[in-house]
Each structure stands twice: as C-alpha cells, then as structure tokens.
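Have a look at protein-v4.txt below; it lists compact mmCIF, C-alpha atoms.
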# COMPACT_ATOMS: atom_id res chain seq x y z
CA MET A 8 164.31 99.13 175.36
CA SER A 9 165.60 96.86 172.61
CA LYS A 10 165.57 97.88 168.98
CA ASN A 11 163.21 96.37 166.44
CA TYR A 12 166.08 95.63 164.07
CA PHE A 13 169.54 94.08 163.99
CA LYS A 14 172.14 95.47 161.60
CA GLN A 15 174.69 92.81 160.73
CA ASP A 16 178.15 94.28 160.30
CA ALA A 17 180.25 91.38 161.55
CA PRO A 18 179.17 88.07 160.01
CA ILE A 19 180.94 84.98 161.30
CA ILE A 20 183.44 83.45 158.90
CA PHE A 21 183.56 79.68 159.23
CA PRO A 22 186.92 78.03 158.66
CA THR A 23 186.89 75.33 155.97
CA ASP A 24 189.54 72.93 154.71
CA ASP A 25 188.25 72.97 151.12
CA GLY A 26 188.82 76.63 150.19
CA LYS A 27 185.14 77.63 150.44
CA THR A 28 184.29 80.94 152.11
CA ILE A 29 181.22 80.90 154.39
CA LYS A 30 180.06 84.12 156.04
CA GLU A 31 176.95 83.57 158.17
CA HIS A 32 174.97 86.79 158.57
CA PHE A 33 172.03 85.27 160.44
CA GLY A 34 171.54 81.82 161.91
CA ARG A 35 172.30 79.50 164.78
CA THR A 36 175.84 80.72 165.36
CA VAL A 37 175.51 84.47 164.87
CA THR A 38 172.03 85.30 166.15
CA GLN A 39 171.04 81.99 167.80
CA ASP A 40 168.10 81.85 165.38
CA GLU A 41 167.01 78.26 164.67
CA HIS A 42 164.32 79.34 162.18
CA VAL A 43 166.48 80.72 159.34
CA SER A 44 170.10 81.03 158.33
CA ILE A 45 171.46 83.40 155.69
CA ALA A 46 175.04 83.07 154.47
CA TYR A 47 177.25 84.57 151.77
CA MET A 48 179.34 81.91 150.03
CA ILE A 49 182.27 81.74 147.65
CA ALA A 50 183.03 78.29 146.23
CA PRO A 51 186.39 78.24 144.40
CA PRO A 52 186.98 76.35 141.15
CA GLY A 53 187.23 72.61 141.79
CA TRP A 54 185.25 72.77 145.05
CA GLY A 55 182.70 70.09 145.89
CA GLU A 56 181.09 68.44 148.87
CA PRO A 57 179.57 65.01 149.48
CA HIS A 58 175.93 64.19 148.86
CA GLN A 59 173.60 65.19 151.67
CA ASN A 60 169.99 64.73 152.68
CA PRO A 61 169.17 67.91 154.65
CA GLU A 62 166.28 68.40 157.04
CA PHE A 63 165.83 72.00 155.83
CA ASP A 64 164.83 73.79 152.63
CA GLU A 65 167.78 75.54 150.98
CA TYR A 66 167.43 78.52 148.67
CA THR A 67 170.47 79.41 146.54
CA MET A 68 170.73 82.78 144.78
CA MET A 69 173.69 83.01 142.40
CA PHE A 70 175.49 86.33 142.27
CA SER A 71 178.34 85.44 139.89
CA GLY A 72 179.87 82.39 138.30
CA LYS A 73 177.92 79.16 138.21
CA LYS A 74 177.35 76.13 140.37
CA HIS A 75 176.67 72.48 139.58
CA ILE A 76 173.90 70.88 141.65
CA GLU A 77 172.69 67.28 141.65
CA VAL A 78 169.18 66.84 143.07
CA ASP A 79 167.74 63.32 143.29
CA GLY A 80 169.87 62.24 140.32
CA GLU A 81 169.06 65.27 138.13
CA GLU A 82 171.87 67.66 137.19
CA ILE A 83 171.29 71.41 137.29
CA ILE A 84 173.63 74.26 136.37
CA LEU A 85 172.79 77.44 138.25
CA ASN A 86 174.07 80.62 136.59
CA ALA A 87 174.51 84.18 137.85
CA GLY A 88 171.12 85.84 138.33
CA GLU A 89 169.29 82.53 138.82
CA SER A 90 168.01 80.95 142.00
CA LEU A 91 167.03 77.46 143.14
CA LEU A 92 165.04 75.93 145.97
CA VAL A 93 166.05 72.43 147.07
CA ARG A 94 163.42 71.05 149.41
CA LYS A 95 164.28 69.21 152.61
CA GLY A 96 164.57 65.47 152.16
CA ALA A 97 166.12 65.69 148.68
CA ARG A 98 169.43 63.96 148.04
CA VAL A 99 171.64 66.84 146.91
CA ARG A 100 175.27 67.52 146.05
CA TYR A 101 176.76 70.96 145.39
CA SER A 102 180.00 71.56 143.46
CA ASN A 103 181.90 74.06 141.32
CA PRO A 104 183.75 72.22 138.55
CA TYR A 105 184.08 75.47 136.59
CA GLY A 106 187.04 77.83 136.12
CA GLU A 107 185.81 80.78 138.20
CA ASP A 108 184.48 81.36 141.72
CA ALA A 109 180.82 80.60 142.36
CA VAL A 110 179.52 83.50 144.47
CA TYR A 111 176.07 83.11 145.98
CA TRP A 112 173.75 83.55 148.94
CA SER A 113 172.26 80.58 150.78
CA VAL A 114 169.09 80.73 152.87
CA CYS A 115 168.08 77.69 154.94
CA LEU A 116 164.68 77.14 156.61
CA PRO A 117 164.97 76.05 159.38
CA ALA A 118 168.51 77.25 159.98
CA PHE A 119 171.48 75.22 158.76
CA SER A 120 172.94 72.80 161.27
CA VAL A 121 175.72 70.24 160.96
CA ASP A 122 173.39 67.87 162.82
CA THR A 123 170.59 68.19 160.24
CA VAL A 124 172.51 68.39 156.95
CA ASN A 125 173.06 64.58 156.95
CA ARG A 126 176.18 64.46 154.78
CA GLU A 127 177.13 61.10 153.33
CA ASP A 128 180.61 59.69 153.93
Target format structure tokens, applied to this file:
Amino acid sequence: MSKNYFKQDAPIIFPTDDGKTIKEHFGRTVTQDEHVSIAYMIAPPGWGEPHQNPEFDEYTMMFSGKKHIEVDGEEIILNAGESLLVRKGARVRYSNPYGEDAVYWSVCLPAFSVDTVNRED
C-alpha cells in the first residue's frame, strides 16, 4: 500500500550558468507533477533573466534580501517577508540588482516548464 504523503529530502538542484541556485522540491522533474511546482531559490547580487510571458501563475515568497520585478511595465521591489502573485500571461522580468542574495520560494500553477515560460531572446 502506498503512503498518503511524500517527504521531500532530496530536491533536485538545477545547474545554471548565471549563479542562481534552483532546488525543485515538487514539480515536473522531481515528482512528475504537472499541476504545481515548488522551488527554493537563491539569486545572487547582479543576477537577472530576460523578460518572459509564462503560461502559469507564479507566487514568490521572499525569505531574505530583496528582488526587483517588472510586471507589464510596472516596477516592484519585493522585500523579505513579502509575497507576490504574477498571473499567467503577464510580461515579467525578475532580477536582483542589490548587494545581497535574494532568497525566496517560488510556486507555479501549473508547474513550471521551459516550454511554457516563453522567455524572450
């Protein structure tokens, strides 16, 4: 009989070429769940990624540091203890132009996928 729970003790660490740490606890890669992904992130100072137009809602919960987010042309600074929902279809860009790590959790519904993030070149 299978258990009615799954304890995550070995999240998958995704390699990046920009210094960002991504540890997926639940999602397409770890649990083959296409409905939700939950990842622990550390974005180092100076980190940034291109604009994107994702086909999923993304919830960001800041643990420490702060993160700069552009949503449909509006600039938002997310500080430790704050959270933000960016709805699917928004044009969004995440970055950390600040002097300390941005440490946060990201939850995507449906689960994050390279095929549905729609990053701009």
May I ask which of the residues A:Lys74, A:Lys95, A:Lys30, A:Arg35 is the closest one to A:Pro51, counting all atoms listed in the file?
A:Lys74
If we count only C-alpha atoms and set the cut-off at 9 Å, which residues sit around stretch 10-18 of chain A, ignoring sequence neighbours fewer than 4 positions away in its own chain? Please answer as a compact mmCIF listing (two decimals) with C-alpha atoms, keeping the file's coordinate frame.
# COMPACT_ATOMS: atom_id res chain seq x y z
CA LYS A 30 180.06 84.12 156.04
CA GLU A 31 176.95 83.57 158.17
CA HIS A 32 174.97 86.79 158.57
CA PHE A 33 172.03 85.27 160.44
CA VAL A 37 175.51 84.47 164.87
CA ALA A 46 175.04 83.07 154.47
Quote the spacing between atom CA of A:Pro117 and atom CA of A:Glu81 in Å to one decimal place.
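Atom CA of A:Glu81 lies at a distance of 24.2 Å from atom CA of A:Pro117.
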Give one line per residue of stretch 82-122 of chain A that approaches stretch 60-69 of chain A to at most 8 Å, naming the two atoms of the closest pair and their distance in Å to one decimal, counting all atoms listed in the file; sort by chain then ascending residue number and deliver it as a Markdown table.
| residue | atom | partner | partner_atom | distance |
| --- | --- | --- | --- | --- |
| A:Leu85 | CA | A:Met69 | CA | 7.0 |
| A:Asn86 | CA | A:Met69 | CA | 6.3 |
| A:Ala87 | CA | A:Met69 | CA | 4.8 |
| A:Gly88 | CA | A:Met69 | CA | 5.6 |
| A:Glu89 | CA | A:Met69 | CA | 5.7 |
| A:Ser90 | CA | A:Met68 | CA | 4.3 |
| A:Leu91 | CA | A:Thr67 | CA | 5.2 |
| A:Leu92 | CA | A:Tyr66 | CA | 4.4 |
| A:Val93 | CA | A:Glu65 | CA | 5.3 |
| A:Arg94 | CA | A:Asp64 | CA | 4.5 |
| A:Lys95 | CA | A:Phe63 | CA | 4.5 |
| A:Gly96 | CA | A:Asn60 | CA | 5.5 |
| A:Ala97 | CA | A:Asn60 | CA | 5.6 |
| A:Arg98 | CA | A:Asn60 | CA | 4.7 |
| A:Val99 | CA | A:Asn60 | CA | 6.4 |
| A:Ala109 | CA | A:Met69 | CA | 7.5 |
| A:Val110 | CA | A:Met69 | CA | 6.2 |
| A:Tyr111 | CA | A:Met69 | CA | 4.3 |
| A:Trp112 | CA | A:Met68 | CA | 5.2 |
| A:Ser113 | CA | A:Thr67 | CA | 4.7 |
| A:Val114 | CA | A:Tyr66 | CA | 5.0 |
| A:Cys115 | CA | A:Glu65 | CA | 4.5 |
| A:Leu116 | CA | A:Asp64 | CA | 5.2 |
| A:Pro117 | CA | A:Phe63 | CA | 5.5 |
| A:Ala118 | CA | A:Phe63 | CA | 7.2 |
| A:Phe119 | CA | A:Phe63 | CA | 7.1 |
Would you work out the distance separating atom CA of A:Gly34 from atom CA of A:Pro104, expressed in Å to one decimal?
28.1 Å
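Across A:Gly72, A:Gly106, A:Gly26, A:Gly80, the tightest approach to A:Glu56 is made by A:Gly26 when counting all atoms listed in the file.
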Computed gap from atom CA of A:Met48 to atom CA of A:Thr28 is 5.5 Å
Please identify all polymer residues within 8 Å of A:Glu127, counting all atoms listed in the file, omitting same-chain residues fewer than 5 positions from it, and present them as a PyMOL selection string.
chain A and resi 57-59
Choose the residue, out of A:Ser71, A:Ser120, A:Thr38, A:Thr23, that has the smallest atom-to-atom separation from A:Asp108; count all atoms listed in the file.
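Going through A:Ser71, A:Ser120, A:Thr38, A:Thr23 one by one, the smallest distance to A:Asp108 is for A:Ser71.
With distances taken over only C-alpha atoms, A:Asp25 is the one residue among A:Asp128, A:Asp25, A:Asp122, A:Glu77 lying closest to A:Ile49.
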Pick from A:Gly55, A:Phe21, A:Asn103, A:Ala50: nearest to A:Thr36, with only C-alpha atoms counted?
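Going through A:Gly55, A:Phe21, A:Asn103, A:Ala50 one by one, the smallest distance to A:Thr36 is for A:Phe21.
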Kindly add N, CA and C atoms to the incomplete stretch 70-91 of chain A and provide the output as a PDB file, in the coordinates of the input.
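The resulting file, selection.pdb, is shown below:
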ATOM      1  N   PHE A  70     175.090  84.959 142.536  1.00  0.00           N
ATOM      2  CA  PHE A  70     175.490  86.330 142.270  1.00  0.00           C
ATOM      3  C   PHE A  70     176.419  86.391 141.058  1.00  0.00           C
ATOM      4  N   SER A  71     177.441  85.521 141.047  1.00  0.00           N
ATOM      5  CA  SER A  71     178.340  85.440 139.890  1.00  0.00           C
ATOM      6  C   SER A  71     178.897  84.039 139.765  1.00  0.00           C
ATOM      7  N   GLY A  72     179.390  83.735 138.568  1.00  0.00           N
ATOM      8  CA  GLY A  72     179.870  82.390 138.300  1.00  0.00           C
ATOM      9  C   GLY A  72     178.708  81.439 138.109  1.00  0.00           C
ATOM     10  N   LYS A  73     178.980  80.153 138.289  1.00  0.00           N
ATOM     11  CA  LYS A  73     177.920  79.160 138.210  1.00  0.00           C
ATOM     12  C   LYS A  73     178.261  77.994 139.121  1.00  0.00           C
ATOM     13  N   LYS A  74     177.235  77.216 139.408  1.00  0.00           N
ATOM     14  CA  LYS A  74     177.350  76.130 140.370  1.00  0.00           C
ATOM     15  C   LYS A  74     176.651  74.904 139.808  1.00  0.00           C
ATOM     16  N   HIS A  75     177.244  73.749 140.021  1.00  0.00           N
ATOM     17  CA  HIS A  75     176.670  72.480 139.580  1.00  0.00           C
ATOM     18  C   HIS A  75     175.961  71.848 140.773  1.00  0.00           C
ATOM     19  N   ILE A  76     174.705  71.441 140.552  1.00  0.00           N
ATOM     20  CA  ILE A  76     173.900  70.880 141.650  1.00  0.00           C
ATOM     21  C   ILE A  76     173.238  69.603 141.151  1.00  0.00           C
ATOM     22  N   GLU A  77     173.376  68.544 141.929  1.00  0.00           N
ATOM     23  CA  GLU A  77     172.690  67.280 141.650  1.00  0.00           C
ATOM     24  C   GLU A  77     171.566  67.141 142.674  1.00  0.00           C
ATOM     25  N   VAL A  78     170.326  66.993 142.186  1.00  0.00           N
ATOM     26  CA  VAL A  78     169.180  66.840 143.070  1.00  0.00           C
ATOM     27  C   VAL A  78     168.434  65.566 142.667  1.00  0.00           C
ATOM     28  N   ASP A  79     168.431  64.585 143.543  1.00  0.00           N
ATOM     29  CA  ASP A  79     167.740  63.320 143.290  1.00  0.00           C
ATOM     30  C   ASP A  79     168.100  62.750 141.917  1.00  0.00           C
ATOM     31  N   GLY A  80     169.390  62.814 141.568  1.00  0.00           N
ATOM     32  CA  GLY A  80     169.870  62.240 140.320  1.00  0.00           C
ATOM     33  C   GLY A  80     169.785  63.159 139.113  1.00  0.00           C
ATOM     34  N   GLU A  81     169.153  64.313 139.238  1.00  0.00           N
ATOM     35  CA  GLU A  81     169.060  65.270 138.130  1.00  0.00           C
ATOM     36  C   GLU A  81     170.154  66.323 138.273  1.00  0.00           C
ATOM     37  N   GLU A  82     170.798  66.670 137.169  1.00  0.00           N
ATOM     38  CA  GLU A  82     171.870  67.660 137.190  1.00  0.00           C
ATOM     39  C   GLU A  82     171.352  69.028 136.763  1.00  0.00           C
ATOM     40  N   ILE A  83     171.731  70.047 137.531  1.00  0.00           N
ATOM     41  CA  ILE A  83     171.290  71.410 137.290  1.00  0.00           C
ATOM     42  C   ILE A  83     172.522  72.311 137.291  1.00  0.00           C
ATOM     43  N   ILE A  84     172.596  73.227 136.349  1.00  0.00           N
ATOM     44  CA  ILE A  84     173.630  74.260 136.370  1.00  0.00           C
ATOM     45  C   ILE A  84     172.932  75.571 136.708  1.00  0.00           C
ATOM     46  N   LEU A  85     173.373  76.179 137.794  1.00  0.00           N
ATOM     47  CA  LEU A  85     172.790  77.440 138.250  1.00  0.00           C
ATOM     48  C   LEU A  85     173.739  78.566 137.882  1.00  0.00           C
ATOM     49  N   ASN A  86     173.267  79.503 137.079  1.00  0.00           N
ATOM     50  CA  ASN A  86     174.070  80.620 136.590  1.00  0.00           C
ATOM     51  C   ASN A  86     173.786  81.896 137.365  1.00  0.00           C
ATOM     52  N   ALA A  87     174.691  82.876 137.210  1.00  0.00           N
ATOM     53  CA  ALA A  87     174.510  84.180 137.850  1.00  0.00           C
ATOM     54  C   ALA A  87     173.137  84.740 137.509  1.00  0.00           C
ATOM     55  N   GLY A  88     172.448  85.268 138.514  1.00  0.00           N
ATOM     56  CA  GLY A  88     171.120  85.840 138.330  1.00  0.00           C
ATOM     57  C   GLY A  88     169.992  84.844 138.490  1.00  0.00           C
ATOM     58  N   GLU A  89     170.314  83.559 138.640  1.00  0.00           N
ATOM     59  CA  GLU A  89     169.290  82.530 138.820  1.00  0.00           C
ATOM     60  C   GLU A  89     169.250  82.096 140.282  1.00  0.00           C
ATOM     61  N   SER A  90     168.150  81.456 140.645  1.00  0.00           N
ATOM     62  CA  SER A  90     168.010  80.950 142.000  1.00  0.00           C
ATOM     63  C   SER A  90     167.379  79.560 141.959  1.00  0.00           C
ATOM     64  N   LEU A  91     167.512  78.833 143.057  1.00  0.00           N
ATOM     65  CA  LEU A  91     167.030  77.460 143.140  1.00  0.00           C
ATOM     66  C   LEU A  91     166.586  77.158 144.560  1.00  0.00           C
TER      67      LEU A  91
END
